[in-house]
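K.L.:
So here's model_32.cif (mmCIF, C-alpha atoms).
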```cif
data_start
#
loop_
_atom_site.label_atom_id
_atom_site.label_comp_id
_atom_site.auth_asym_id
_atom_site.auth_seq_id
_atom_site.Cartn_x
_atom_site.Cartn_y
_atom_site.Cartn_z
CA MET A 1 -1.31 -19.08 91.35
CA VAL A 2 -2.41 -18.03 87.93
CA ILE A 3 -0.70 -15.09 86.37
CA LEU A 4 -3.07 -13.23 84.13
CA MET A 5 -1.45 -11.57 81.24
CA ASN A 6 -3.20 -9.67 78.51
CA LYS A 7 -2.38 -10.24 74.88
CA ASP A 8 -0.64 -6.94 74.31
CA LYS A 9 1.74 -7.47 77.16
CA TYR A 10 2.47 -11.00 75.97
CA LYS A 11 3.16 -9.75 72.46
CA LYS A 12 5.57 -7.14 73.80
CA ILE A 13 7.55 -9.75 75.68
CA VAL A 14 7.65 -12.07 72.66
CA ASP A 15 8.83 -9.23 70.44
CA LYS A 16 11.55 -8.40 72.90
CA TYR A 17 13.00 -11.89 72.84
CA THR A 18 12.63 -12.82 69.18
CA PRO A 19 15.92 -12.02 67.51
CA LYS A 20 15.62 -8.93 65.31
CA GLU A 21 16.90 -9.61 61.83
CA ASP A 22 18.76 -6.75 60.35
CA VAL A 23 16.52 -5.97 57.38
CA ILE A 24 18.85 -3.49 55.68
CA LYS A 25 21.92 -5.69 56.05
CA ASN A 26 20.03 -8.71 54.68
CA ALA A 27 18.77 -6.67 51.74
CA LEU A 28 22.27 -5.42 50.87
CA ILE A 29 23.79 -8.91 51.11
CA SER A 30 21.03 -10.29 48.86
CA PHE A 31 21.59 -7.49 46.36
CA PHE A 32 25.35 -8.00 46.12
CA VAL A 33 25.38 -11.80 46.12
CA GLY A 34 22.45 -11.88 43.69
CA GLY A 35 24.25 -9.41 41.45
CA LEU A 36 27.44 -11.48 41.56
CA ILE A 37 25.47 -14.57 40.50
CA GLY A 38 24.13 -12.58 37.55
CA VAL A 39 27.63 -11.46 36.55
CA LEU A 40 29.02 -14.97 36.94
CA GLY A 41 26.19 -16.30 34.76
CA GLU A 42 26.87 -13.72 32.06
CA ALA A 43 30.60 -14.53 32.12
CA LEU A 44 29.82 -18.25 31.78
CA LEU A 45 27.36 -17.52 28.97
CA ARG A 46 30.05 -15.74 26.99
CA GLY A 47 32.61 -18.39 27.84
CA TYR A 48 30.40 -21.21 26.56
CA MET A 49 29.66 -19.25 23.39
CA MET A 50 33.38 -18.86 22.77
CA TRP A 51 34.70 -22.26 23.83
CA LEU A 52 31.93 -24.45 22.44
CA ASN A 53 31.03 -22.24 19.49
CA ILE A 54 27.29 -22.35 20.17
CA PRO A 55 24.59 -19.67 19.71
CA ARG A 56 23.56 -17.45 22.60
CA LYS A 57 20.25 -19.22 23.23
CA GLU A 58 21.81 -22.64 23.75
CA SER A 59 24.58 -21.13 25.81
CA GLY A 60 21.91 -19.63 28.10
CA ILE A 61 20.41 -23.10 28.65
CA LEU A 62 23.89 -24.48 29.44
CA VAL A 63 24.44 -21.73 32.01
CA THR A 64 21.14 -22.64 33.71
CA LEU A 65 22.14 -26.31 33.73
CA THR A 66 25.53 -25.42 35.23
CA PHE A 67 23.91 -23.55 38.10
CA ILE A 68 21.40 -26.39 38.66
CA THR A 69 24.27 -28.89 38.86
CA ILE A 70 26.27 -26.74 41.27
CA ALA A 71 23.25 -26.17 43.53
CA SER A 72 22.29 -29.86 43.57
CA VAL A 73 25.79 -31.03 44.41
CA LEU A 74 26.23 -28.38 47.12
CA THR A 75 22.87 -29.42 48.59
CA ALA A 76 23.92 -33.07 48.66
CA PHE A 77 27.10 -32.14 50.54
CA GLY A 78 25.05 -30.09 53.00
CA VAL A 79 26.86 -26.86 52.12
CA PHE A 80 23.94 -25.12 50.41
CA ASP A 81 21.86 -24.69 53.56
CA VAL A 82 24.80 -23.11 55.35
CA ILE A 83 25.28 -20.56 52.55
CA VAL A 84 21.53 -19.86 52.28
CA SER A 85 21.34 -19.05 55.99
CA LYS A 86 23.87 -16.28 55.29
CA VAL A 87 22.83 -14.86 51.91
CA LYS A 88 19.12 -15.80 51.95
CA ALA A 89 17.13 -14.61 48.94
CA ALA A 90 20.21 -14.34 46.72
CA LEU A 91 20.29 -18.14 46.41
CA PHE A 92 16.66 -19.20 46.34
CA ILE A 93 15.50 -16.68 43.73
CA PRO A 94 17.97 -17.74 41.02
CA ILE A 95 17.43 -21.20 39.48
CA THR A 96 19.70 -22.58 42.24
CA GLY A 97 16.72 -22.47 44.61
CA PHE A 98 14.66 -24.63 42.27
CA ALA A 99 17.39 -27.27 42.09
CA HIS A 100 17.97 -27.08 45.83
CA SER A 101 14.30 -27.67 46.64
CA MET A 102 14.27 -30.83 44.51
CA THR A 103 17.50 -32.30 45.82
CA SER A 104 16.75 -31.53 49.45
CA ALA A 105 13.23 -33.00 49.16
CA ALA A 106 14.67 -36.15 47.58
CA LEU A 107 17.28 -36.46 50.35
CA ASP A 108 14.90 -35.71 53.20
CA TYR A 109 12.29 -38.31 52.19
CA LYS A 110 14.76 -40.98 51.11
CA HIS A 111 14.06 -42.99 54.29
CA GLU A 112 10.42 -43.48 53.22
CA GLY A 113 11.46 -45.46 50.17
CA LEU A 114 12.22 -45.00 46.50
CA VAL A 115 8.62 -44.60 45.34
CA LEU A 116 6.68 -43.23 48.29
CA GLY A 117 9.65 -41.25 49.56
CA ILE A 118 11.78 -39.83 46.75
CA GLY A 119 9.19 -40.27 43.99
CA ALA A 120 6.23 -38.80 45.81
CA ASN A 121 8.06 -35.89 47.41
CA ILE A 122 10.60 -34.69 44.84
CA PHE A 123 8.18 -32.01 43.56
CA LYS A 124 7.04 -31.12 47.05
CA LEU A 125 8.49 -27.59 46.87
CA ALA A 126 9.37 -27.23 43.19
CA GLY A 127 5.85 -28.28 42.21
CA THR A 128 4.38 -24.96 43.31
CA VAL A 129 6.65 -23.09 40.89
CA ILE A 130 5.66 -25.36 38.01
CA LEU A 131 1.96 -25.32 38.93
CA TYR A 132 1.58 -21.55 39.10
CA GLY A 133 3.88 -21.06 36.12
CA VAL A 134 1.82 -23.36 33.91
CA VAL A 135 -1.58 -22.06 35.09
CA SER A 136 -0.57 -18.44 34.58
CA VAL A 137 0.92 -19.18 31.16
CA TYR A 138 -2.34 -20.82 30.05
CA ILE A 139 -4.28 -17.76 31.17
CA PHE A 140 -1.87 -15.18 29.74
CA GLY A 141 -1.28 -17.22 26.58
CA LEU A 142 -4.99 -17.61 25.83
CA LEU A 143 -5.54 -13.91 26.50
CA ARG A 144 -2.76 -13.02 24.09
CA LEU A 145 -4.12 -15.38 21.43
CA ILE A 146 -7.60 -13.88 21.77
CA VAL A 147 -6.61 -10.22 22.06
CA MET A 148 -3.52 -10.01 19.88
CA GLY A 149 -3.94 -13.07 17.70
CA GLY A 150 -0.61 -14.60 18.71
CA MET B 1 27.76 -3.00 29.81
CA THR B 2 25.80 -6.25 29.90
CA PHE B 3 27.75 -7.21 33.02
CA VAL B 4 26.61 -4.08 34.85
CA TYR B 5 22.99 -4.66 33.86
CA ALA B 6 23.28 -8.34 34.80
CA PHE B 7 24.54 -7.34 38.25
CA LEU B 8 21.83 -4.72 38.72
CA PHE B 9 18.94 -6.84 37.44
CA CYS B 10 19.75 -10.08 39.27
CA GLY B 11 20.67 -8.11 42.39
CA THR B 12 17.47 -6.08 42.36
CA ILE B 13 15.26 -9.16 41.98
CA CYS B 14 17.01 -10.79 44.96
CA LEU B 15 16.75 -7.53 46.93
CA ILE B 16 12.97 -7.33 46.35
CA ALA B 17 12.59 -10.98 47.36
CA GLN B 18 14.61 -10.40 50.52
CA LEU B 19 12.52 -7.36 51.44
CA ILE B 20 9.30 -9.33 50.97
CA LEU B 21 10.75 -12.19 53.02
CA ASP B 22 11.81 -9.97 55.92
CA ASN B 23 8.76 -7.72 56.05
CA THR B 24 5.88 -10.12 55.44
CA LYS B 25 4.91 -13.60 56.56
CA LEU B 26 5.42 -15.04 53.06
CA THR B 27 7.79 -18.02 52.76
CA PRO B 28 10.36 -18.58 49.99
CA GLY B 29 7.80 -20.89 48.35
CA HIS B 30 5.25 -18.07 48.14
CA ILE B 31 7.82 -15.64 46.76
CA THR B 32 9.16 -17.95 44.04
CA SER B 33 5.59 -18.78 42.92
CA LEU B 34 4.74 -15.08 42.82
CA PHE B 35 7.88 -14.27 40.83
CA VAL B 36 7.18 -16.96 38.24
CA VAL B 37 3.72 -15.48 37.64
CA ILE B 38 5.23 -11.99 37.41
CA GLY B 39 7.83 -13.23 34.92
CA ALA B 40 5.11 -14.77 32.75
CA ALA B 41 2.98 -11.62 32.99
CA LEU B 42 5.89 -9.38 31.97
CA ASP B 43 6.53 -11.53 28.93
CA VAL B 44 2.97 -11.22 27.60
CA PHE B 45 3.92 -7.82 26.18
CA GLY B 46 7.51 -8.75 25.48
CA ILE B 47 8.90 -6.70 28.37
CA TYR B 48 10.97 -9.55 29.79
CA ASP B 49 12.61 -10.04 26.37
CA LYS B 50 14.03 -6.54 26.74
CA PHE B 51 15.50 -7.46 30.14
CA VAL B 52 17.11 -10.56 28.62
CA LEU B 53 18.48 -8.44 25.77
CA TYR B 54 20.17 -5.97 28.12
CA ALA B 55 20.99 -8.04 31.22
CA GLY B 56 21.79 -11.36 29.50
CA ALA B 57 22.25 -14.17 31.99
CA GLY B 58 21.37 -11.73 34.77
CA ALA B 59 17.78 -11.95 33.54
CA LEU B 60 17.93 -15.67 32.67
CA LEU B 61 18.97 -16.94 36.10
CA PRO B 62 16.28 -15.54 38.45
CA ILE B 63 13.13 -17.68 38.76
CA THR B 64 11.15 -14.97 36.91
CA SER B 65 12.82 -16.28 33.76
CA PHE B 66 11.09 -19.64 34.32
CA GLY B 67 7.73 -17.98 33.64
CA HIS B 68 9.24 -16.16 30.68
CA LEU B 69 10.59 -19.38 29.18
CA LEU B 70 7.28 -21.20 29.73
CA ILE B 71 5.27 -18.58 27.87
CA HIS B 72 7.91 -18.27 25.16
CA GLY B 73 7.87 -21.98 24.41
CA ALA B 74 4.06 -22.00 24.43
CA MET B 75 3.61 -18.94 22.21
CA ASP B 76 6.27 -20.03 19.69
CA VAL B 77 4.37 -23.23 18.92
CA ALA B 78 0.98 -21.50 19.19
CA HIS B 79 2.14 -19.15 16.42
CA ASP B 80 2.58 -22.08 14.07
CA ILE B 81 -0.32 -24.38 14.86
CA GLY B 82 -2.84 -22.31 16.85
CA PRO B 83 -4.18 -22.66 20.41
CA LEU B 84 -3.16 -26.32 20.73
CA GLY B 85 0.42 -25.08 20.56
CA LEU B 86 0.03 -23.65 24.05
CA ALA B 87 -0.32 -27.15 25.46
CA LEU B 88 2.32 -28.68 23.20
CA GLY B 89 5.06 -26.12 23.55
CA ILE B 90 4.76 -25.02 27.15
CA PHE B 91 7.75 -27.03 28.40
CA ASN B 92 9.83 -26.74 25.23
CA LEU B 93 12.43 -24.40 26.71
CA THR B 94 12.33 -25.43 30.37
CA SER B 95 12.38 -29.21 29.97
CA ALA B 96 16.19 -29.23 29.97
CA GLY B 97 16.34 -27.61 33.40
CA ILE B 98 13.53 -29.67 34.93
CA SER B 99 14.76 -33.03 33.63
CA ILE B 100 18.39 -32.42 34.58
CA ALA B 101 17.34 -31.28 38.06
CA LEU B 102 15.18 -34.42 38.43
CA VAL B 103 17.86 -36.87 37.31
CA LEU B 104 20.59 -35.19 39.37
CA SER B 105 18.40 -35.03 42.47
CA PHE B 106 17.54 -38.72 42.13
CA ILE B 107 21.13 -39.86 41.71
CA LEU B 108 22.41 -37.60 44.49
CA ALA B 109 19.62 -38.78 46.83
CA LEU B 110 20.73 -42.36 46.25
CA LEU B 111 24.38 -41.56 46.89
CA PHE B 112 24.19 -39.17 49.85
CA LYS B 113 22.71 -39.25 53.32
CA PRO B 114 20.53 -36.34 54.47
CA ARG B 115 22.05 -34.00 57.04
CA ASP B 116 20.19 -32.31 59.84
#
```
Represent the supplied structure as structure tokens.

P.N.:
Amino acid sequence: MVILMNKDKYKKIVDKYTPKEDVIKNALISFFVGGLIGVLGEALLRGYMMWLNIPRKESGILVTLTFITIASVLTAFGVFDVIVSKVKAALFIPITGFAHSMTSAALDYKHEGLVLGIGANIFKLAGTVILYGVVSVYIFGLLRLIVMGG
Amino acid sequence: MTFVYAFLFCGTICLIAQLILDNTKLTPGHITSLFVVIGAALDVFGIYDKFVLYAGAGALLPITSFGHLLIHGAMDVAHDIGPLGLALGIFNLTSAGISIALVLSFILALLFKPRD
């Protein structure tokens, strides 16, 4: 026996059984965790300036490097994915997401070898950020040079 | 006051990303790419510099700052030596982050086993 089912009816049933994510709750969690990361970064930035006696610009780079290191190590221990599943966008929008994508790609493709596995796949996800960043900077940069003269 | 702005700025960026993620079919990869382009676009007129001035690390940590740093490095050198500076200086400010992330990822991949 063939049960005929039209598309609308099918869609209704699928909608009913796909778990509804609480959009507002997710948004609030992202806002607060993201905000806390910003505050933590600012506190670190001031700390580095004070302890190491370096200018603000270099301290900012050190803060970025600190977050990259934390994210990479957490990814290697398998903790990062657990936290991301709870706080979502709050961890992949800061630079932590960039570091995570590299480390997880390197780990996931390790079994395919050092060159064809880790080497070929390490930019698998981070590459898109670099690609579109560089292309857009060339376009915007040239525009600014032409229109504003630098 | 910088701390409050840092909280609000970084939080708002993450909030927007989360809303896009939940309400559209875009993946985190799409959103980060989009935000990098937005960051670069905002910096063309020096708007992102204002965010960095007020929100400090709150504006430096989100991926939008990657676009801002790319265009900053490029334009700084382009100021001195002309259009070729775009190509020469583009990674000046971001190379630290990219290279450290590469080296760390490589070493960690050698040391650890992937988890499911």

K.L.:
If I take CA of Asn53 (chain A) and CA of Leu65 (chain A), how far is one from the other in Å, to one decimal?

P.N.:
17.3 Å

K.L.:
Using the chain letters and numbers from this file, what does the PyMOL selection byres ((chain B) within 6 of (chain A)) select? Give the answer as a count of residues only.

P.N.:
26

K.L.:
Point out the residue among B:Ala41, B:Leu110, B:Met75, B:Leu104 with the least atom-to-atom distance to Leu74 (chain A), counting all atoms listed in the file.

P.N.:
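Of B:Ala41, B:Leu110, B:Met75, B:Leu104, the one nearest Leu74 (chain A) is B:Leu104, counting all atoms listed in the file.
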
K.L.:
If the PyMOL selection byres ((chain B and resi 54) around 8) were run on this exact file, what residues would it hold? Put them as a list in words.

P.N.:
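Checking the PyMOL selection byres ((chain B and resi 54) around 8) against this file, the residues are Thr2, Tyr5, Ala6, Lys50, Phe51, Val52, Leu53, Ala55 and Gly56 of chain B.
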
K.L.:
Using only C-alpha atoms for the distances, tell me which of B:Leu26, B:Ile20, B:Ala87, B:Ile47 is nearest to His68 (chain B).

P.N.:
B:Ile47

K.L.:
Output region 41-56 of chain B as a PDB file, in the coordinates of the input, making sure N, CA and C atoms are there.

P.N.:
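Result file result-v4.pdb:
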```pdb
ATOM      1  N   ALA B  41       3.800 -12.788  33.310  1.00  0.00           N
ATOM      2  CA  ALA B  41       2.980 -11.620  32.990  1.00  0.00           C
ATOM      3  C   ALA B  41       3.791 -10.578  32.231  1.00  0.00           C
ATOM      4  N   LEU B  42       5.054 -10.375  32.641  1.00  0.00           N
ATOM      5  CA  LEU B  42       5.890  -9.380  31.970  1.00  0.00           C
ATOM      6  C   LEU B  42       6.175  -9.790  30.525  1.00  0.00           C
ATOM      7  N   ASP B  43       6.178 -11.092  30.273  1.00  0.00           N
ATOM      8  CA  ASP B  43       6.530 -11.530  28.930  1.00  0.00           C
ATOM      9  C   ASP B  43       5.357 -11.463  27.961  1.00  0.00           C
ATOM     10  N   VAL B  44       4.136 -11.298  28.488  1.00  0.00           N
ATOM     11  CA  VAL B  44       2.970 -11.220  27.600  1.00  0.00           C
ATOM     12  C   VAL B  44       3.162 -10.079  26.597  1.00  0.00           C
ATOM     13  N   PHE B  45       3.704  -8.958  27.075  1.00  0.00           N
ATOM     14  CA  PHE B  45       3.920  -7.820  26.180  1.00  0.00           C
ATOM     15  C   PHE B  45       5.377  -7.691  25.751  1.00  0.00           C
ATOM     16  N   GLY B  46       6.132  -8.765  25.940  1.00  0.00           N
ATOM     17  CA  GLY B  46       7.510  -8.750  25.480  1.00  0.00           C
ATOM     18  C   GLY B  46       8.454  -7.909  26.315  1.00  0.00           C
ATOM     19  N   ILE B  47       8.031  -7.543  27.543  1.00  0.00           N
ATOM     20  CA  ILE B  47       8.900  -6.700  28.370  1.00  0.00           C
ATOM     21  C   ILE B  47      10.102  -7.493  28.871  1.00  0.00           C
ATOM     22  N   TYR B  48       9.857  -8.756  29.249  1.00  0.00           N
ATOM     23  CA  TYR B  48      10.970  -9.550  29.790  1.00  0.00           C
ATOM     24  C   TYR B  48      12.045  -9.809  28.727  1.00  0.00           C
ATOM     25  N   ASP B  49      11.630  -9.876  27.450  1.00  0.00           N
ATOM     26  CA  ASP B  49      12.610 -10.040  26.370  1.00  0.00           C
ATOM     27  C   ASP B  49      13.619  -8.913  26.366  1.00  0.00           C
ATOM     28  N   LYS B  50      13.134  -7.703  26.689  1.00  0.00           N
ATOM     29  CA  LYS B  50      14.030  -6.540  26.740  1.00  0.00           C
ATOM     30  C   LYS B  50      15.055  -6.724  27.864  1.00  0.00           C
ATOM     31  N   PHE B  51      14.584  -7.205  29.022  1.00  0.00           N
ATOM     32  CA  PHE B  51      15.500  -7.460  30.140  1.00  0.00           C
ATOM     33  C   PHE B  51      16.575  -8.451  29.724  1.00  0.00           C
ATOM     34  N   VAL B  52      16.151  -9.538  29.037  1.00  0.00           N
ATOM     35  CA  VAL B  52      17.110 -10.560  28.620  1.00  0.00           C
ATOM     36  C   VAL B  52      18.108  -9.967  27.630  1.00  0.00           C
ATOM     37  N   LEU B  53      17.619  -9.074  26.764  1.00  0.00           N
ATOM     38  CA  LEU B  53      18.480  -8.440  25.770  1.00  0.00           C
ATOM     39  C   LEU B  53      19.576  -7.617  26.448  1.00  0.00           C
ATOM     40  N   TYR B  54      19.201  -6.863  27.490  1.00  0.00           N
ATOM     41  CA  TYR B  54      20.170  -5.970  28.120  1.00  0.00           C
ATOM     42  C   TYR B  54      20.963  -6.648  29.237  1.00  0.00           C
ATOM     43  N   ALA B  55      20.310  -7.483  30.045  1.00  0.00           N
ATOM     44  CA  ALA B  55      20.990  -8.040  31.220  1.00  0.00           C
ATOM     45  C   ALA B  55      21.530  -9.446  30.972  1.00  0.00           C
ATOM     46  N   GLY B  56      21.251 -10.045  29.821  1.00  0.00           N
ATOM     47  CA  GLY B  56      21.790 -11.360  29.500  1.00  0.00           C
ATOM     48  C   GLY B  56      21.446 -12.395  30.558  1.00  0.00           C
TER      49      GLY B  56
END
```
